[in-house]
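Asks: Structure provided below as C-alpha cells; questions to follow.
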Amino acid sequence: MAQRQPNILFLLTDEQRYDCFGAFGNRQILTPRIDSLAGDGVLFSHAFVPYALCTPSRYSMLTGLYVHQHRGRTNKSTPSPWLETFPHLMTVNGYRTTAVGKMHFNPTYLDVGYKRMKLAEQAGEGRMDDDYHRELHAHGLIDVIDLLDQRKEFRSRAPQSYWDHFGAEISNLPEEWHSTTWIGDRAVRELEQWTNCGNLLTVSFVKPHHPFDPSKRWAGMYDPATIDILPGWTGAVPERDLAYHAGFFPHVKLTEDAIKRVTAYYYATISQIDHQIGRMIETLRQKGLYDNTMIVFTSDHGDYMGFHHMLLKQNYYYDPVARVPLIIKFPGNADAGTTRDMLTNNVDLAPTFLRQAGIEPPKEMIGLDLADPHAQRDYIFSEYGHGDLYMARSRRYKLMLCRDAKQSLFIDLEKDPMELHNLIDDPAYRNIIQEHRDALARWMLFDAIVPVYAPDTAPSVRRVTHSTIGLETGDYRQRLAAYFEREMAPYLTGP
C-alpha cells in the first residue's frame, strides 16, 4: 500500500503566535522558507488549538480528540493507551514513521505509534532522558539559558540579567549544538533516507518557546530599537488579566524596551527555525520528492508577546495564545497559494493526515478534512484545566466561561479586535451569548468520554527500540542532575 501513499512531513513549532511569519502579513520577521510553503500550499488564516498548553495540545493533534476526551490535561499527563493515533495507524498501514525533536510526552519515549524517535526535550524529566541532552553531556556542554528558565532549582538562583530581559538572552551553545540546529540536522538525515512514497516524519522544534535564546548569529538579525511591538500592547495589564494570572515573568514589570528585546529574540528563534525548514525543503527537492510530499506547518499554541501587556500563555484564551499558524502544502501542490478563512482546530490534523494517506480515520476523530475546500464549522472550542475555562469562538464573537463565573468574558471581535471590553453582562448581547453557551453545551454533551490511564504503566518506545544507556539501573537521571548542578554553578547567584 505504501507505494501509492504520499510522503508526509509534519513541522511543529512550540509557542508561535499566529501572526509571526511573513506570509501572514508580518513585514518585519524574515521567514522566506515558511512563506514559500504558503506559496506552494494553503494558508489557513483562522487556525486554533483545542488547549493552549504543550502536552495536551500535542495529544490532541495525535489522537484527533479534544482534551476532555483523551484526558491528558497537564504537561505531566499520559493519554489512555487504547486511543488510536495517526502515527500508529500509518505505521500499521505500511508507513515508515519517525519523530525528531520535542514531543513533550510522559514518559519521555511514550509509544504513540512512531517506529523511531530521536528526541530533544525541554521541560520535566524529558531532558534527563532524551538523545539531545545525552549528546550535550557527552561533549561537556549544557544549555545554560534553557536550564535557568526551565528548572526550578536553577531559576530560583538565576542572575539578574535573566529577569531583566525576561529570558531573552543569547544562547551559550555553539550554533551546531543549539536545539534548533540539532533537530534540523537529524531531520535532514532522516529525509535523506527517504525513498519514493510512504514516509511520515514529524519534526518538532523546541523554539520559539521561552527562553528566547537564539544562537549568536541569529540574535543579531533584529534590532530591538527598531522592532515594532505586535498588535494588542497596552500601557498596563488589564486588572481582570492580572487577577487571572500574574505571569511566569511578572507582567507588571514588562516595559516597552523589554518587550521589544523579547520580540527581536523571539523573531530570531523563528528565523533560525525557518533556515532549518529550508534545508528540509531543499533535501526533498534534490531527491525529487517535494511534489509528492504533504508538508504541514503549525504550532501547539501561541504567545501573548505583549498582548494586554502580557508574555507567554498563562491567562485567558485571547487570540494570540489560542490561534496559531497553519500552512498545508498538499501533494501535487493542490490549491497552491490560496488562503482559506474557515475556522480550523488542530484536532483536524489527524483525520486530514490519515485521509491523505488513504486510511479511514476512526469514528472518534470527528475533525474536518482540511483538504476539502468546502469544509466549514460555526464554532471553535477550546478548554483549560478540569472545567477551569471553556471557549466557544465563532467568526465574530468569543465566549470564555470560567469556573468562577465572575471571571467569564464575552467579546465582540468585530468591534473589539484587541479583546479589551467584556460584554458578558450586556443585555444587548444576551441572545448571542446564549447561542454560544448552547453550542458549548452541545459540544460537551455529545463528545465521547474516555477514562484516565495511569502513566506509570504506559508503554515506552525506548524500552523496545532504543538503547537505554543507563536507564535500566535508574541512576542516569541522578548523574545528569549532578552534572547540571556542577556545570551551572558559575552562572548562578545565591546558594
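We name chains A, B, ... following the order of the C-alpha cells; residues begin at 1 in each chain, and ligands are numbered from 1 as shown.
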So that I can check the surroundings of range 375-392 of chain A, please list as number ranges by chain every protein, DNA and RNA residue that reaches within 9 Å of it, counting only C-alpha atoms and ignoring chain neighbours fewer than 5 positions away.
Replies: A: 48-53, 66-68, 73-74, 316-317, 322, 342-345, 368-370, 397-404, 408, 436-437, 439-440, 443
Asks: Could you give me, as a PyMOL selection string, each residue of range 313-449 of chain A that DSSP assigns to alpha helix (DSSP H) when run on this structure's backbone?
Replies: chain A and resi 319-322+349-356+430-446
Asks: Please return as a PyMOL selection string: the residues of range 292-456 of chain A that backbone DSSP assigns to strand (DSSP E or B).
Replies: chain A and resi 293-299+307+323-324+326-329+338-345+380-384+389-393+397-402+409-412
Asks: May I have the residues from that selection written out with C-alpha atoms, as a PDB file, in the first residue's frame?
Replies:
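As written to disk, again03.pdb reads:
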ATOM      1  CA  THR A 293       5.123  15.285  -0.077  1.00  0.00           C
ATOM      2  CA  MET A 294       2.380  16.762   2.078  1.00  0.00           C
ATOM      3  CA  ILE A 295       4.011  19.373   4.340  1.00  0.00           C
ATOM      4  CA  VAL A 296       2.139  20.761   7.340  1.00  0.00           C
ATOM      5  CA  PHE A 297       3.438  23.668   9.417  1.00  0.00           C
ATOM      6  CA  THR A 298       1.749  24.701  12.672  1.00  0.00           C
ATOM      7  CA  SER A 299       2.321  25.265  16.401  1.00  0.00           C
ATOM      8  CA  PHE A 307      -0.818  41.493  24.059  1.00  0.00           C
ATOM      9  CA  ARG A 323      -4.648  30.991  17.454  1.00  0.00           C
ATOM     10  CA  VAL A 324      -1.693  29.510  15.564  1.00  0.00           C
ATOM     11  CA  LEU A 326      -1.291  26.687   9.823  1.00  0.00           C
ATOM     12  CA  ILE A 327       0.022  26.015   6.326  1.00  0.00           C
ATOM     13  CA  ILE A 328      -0.597  22.811   4.378  1.00  0.00           C
ATOM     14  CA  LYS A 329       1.185  22.023   1.145  1.00  0.00           C
ATOM     15  CA  THR A 338      -4.637  30.107  -1.659  1.00  0.00           C
ATOM     16  CA  THR A 339      -5.923  31.307   1.710  1.00  0.00           C
ATOM     17  CA  ARG A 340      -8.902  29.776   3.484  1.00  0.00           C
ATOM     18  CA  ASP A 341     -10.587  31.630   6.332  1.00  0.00           C
ATOM     19  CA  MET A 342     -12.573  28.650   7.613  1.00  0.00           C
ATOM     20  CA  LEU A 343     -12.390  28.072  11.373  1.00  0.00           C
ATOM     21  CA  THR A 344      -9.976  25.182  11.919  1.00  0.00           C
ATOM     22  CA  ASN A 345      -8.833  23.394  15.044  1.00  0.00           C
ATOM     23  CA  ILE A 380     -14.140  26.652  17.597  1.00  0.00           C
ATOM     24  CA  PHE A 381     -13.940  25.058  21.046  1.00  0.00           C
ATOM     25  CA  SER A 382     -11.013  25.103  23.445  1.00  0.00           C
ATOM     26  CA  GLU A 383     -10.637  24.306  27.114  1.00  0.00           C
ATOM     27  CA  TYR A 384      -8.258  24.537  30.042  1.00  0.00           C
ATOM     28  CA  LEU A 389     -12.059  27.650  31.292  1.00  0.00           C
ATOM     29  CA  TYR A 390     -14.075  26.808  28.183  1.00  0.00           C
ATOM     30  CA  MET A 391     -14.004  28.842  24.984  1.00  0.00           C
ATOM     31  CA  ALA A 392     -16.573  28.935  22.212  1.00  0.00           C
ATOM     32  CA  ARG A 393     -15.405  31.203  19.387  1.00  0.00           C
ATOM     33  CA  TYR A 397     -17.717  36.504  18.899  1.00  0.00           C
ATOM     34  CA  LYS A 398     -15.816  34.767  21.671  1.00  0.00           C
ATOM     35  CA  LEU A 399     -17.269  33.352  24.883  1.00  0.00           C
ATOM     36  CA  MET A 400     -14.907  32.318  27.682  1.00  0.00           C
ATOM     37  CA  LEU A 401     -16.714  30.622  30.555  1.00  0.00           C
ATOM     38  CA  CYS A 402     -14.711  30.236  33.761  1.00  0.00           C
ATOM     39  CA  LEU A 409     -15.842  37.037  29.303  1.00  0.00           C
ATOM     40  CA  PHE A 410     -17.748  37.711  26.103  1.00  0.00           C
ATOM     41  CA  ILE A 411     -16.013  39.629  23.311  1.00  0.00           C
ATOM     42  CA  ASP A 412     -17.344  41.167  20.105  1.00  0.00           C
TER      43      ASP A 412
END
Asks: Enter the distance from CA of Thr181 in chain A to CA of Glu169 in chain A, in Å, rounded to one decimal.
Replies: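 Distance between the two atoms: 17.4 Å.
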Asks: Which is closer to Leu62 in chain A than all the others in A:Arg279, A:His88, A:His309, A:Arg396, using only C-alpha atoms?
Replies: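 Going through A:Arg279, A:His88, A:His309, A:Arg396 one by one, the smallest distance to Leu62 in chain A is for A:His88.
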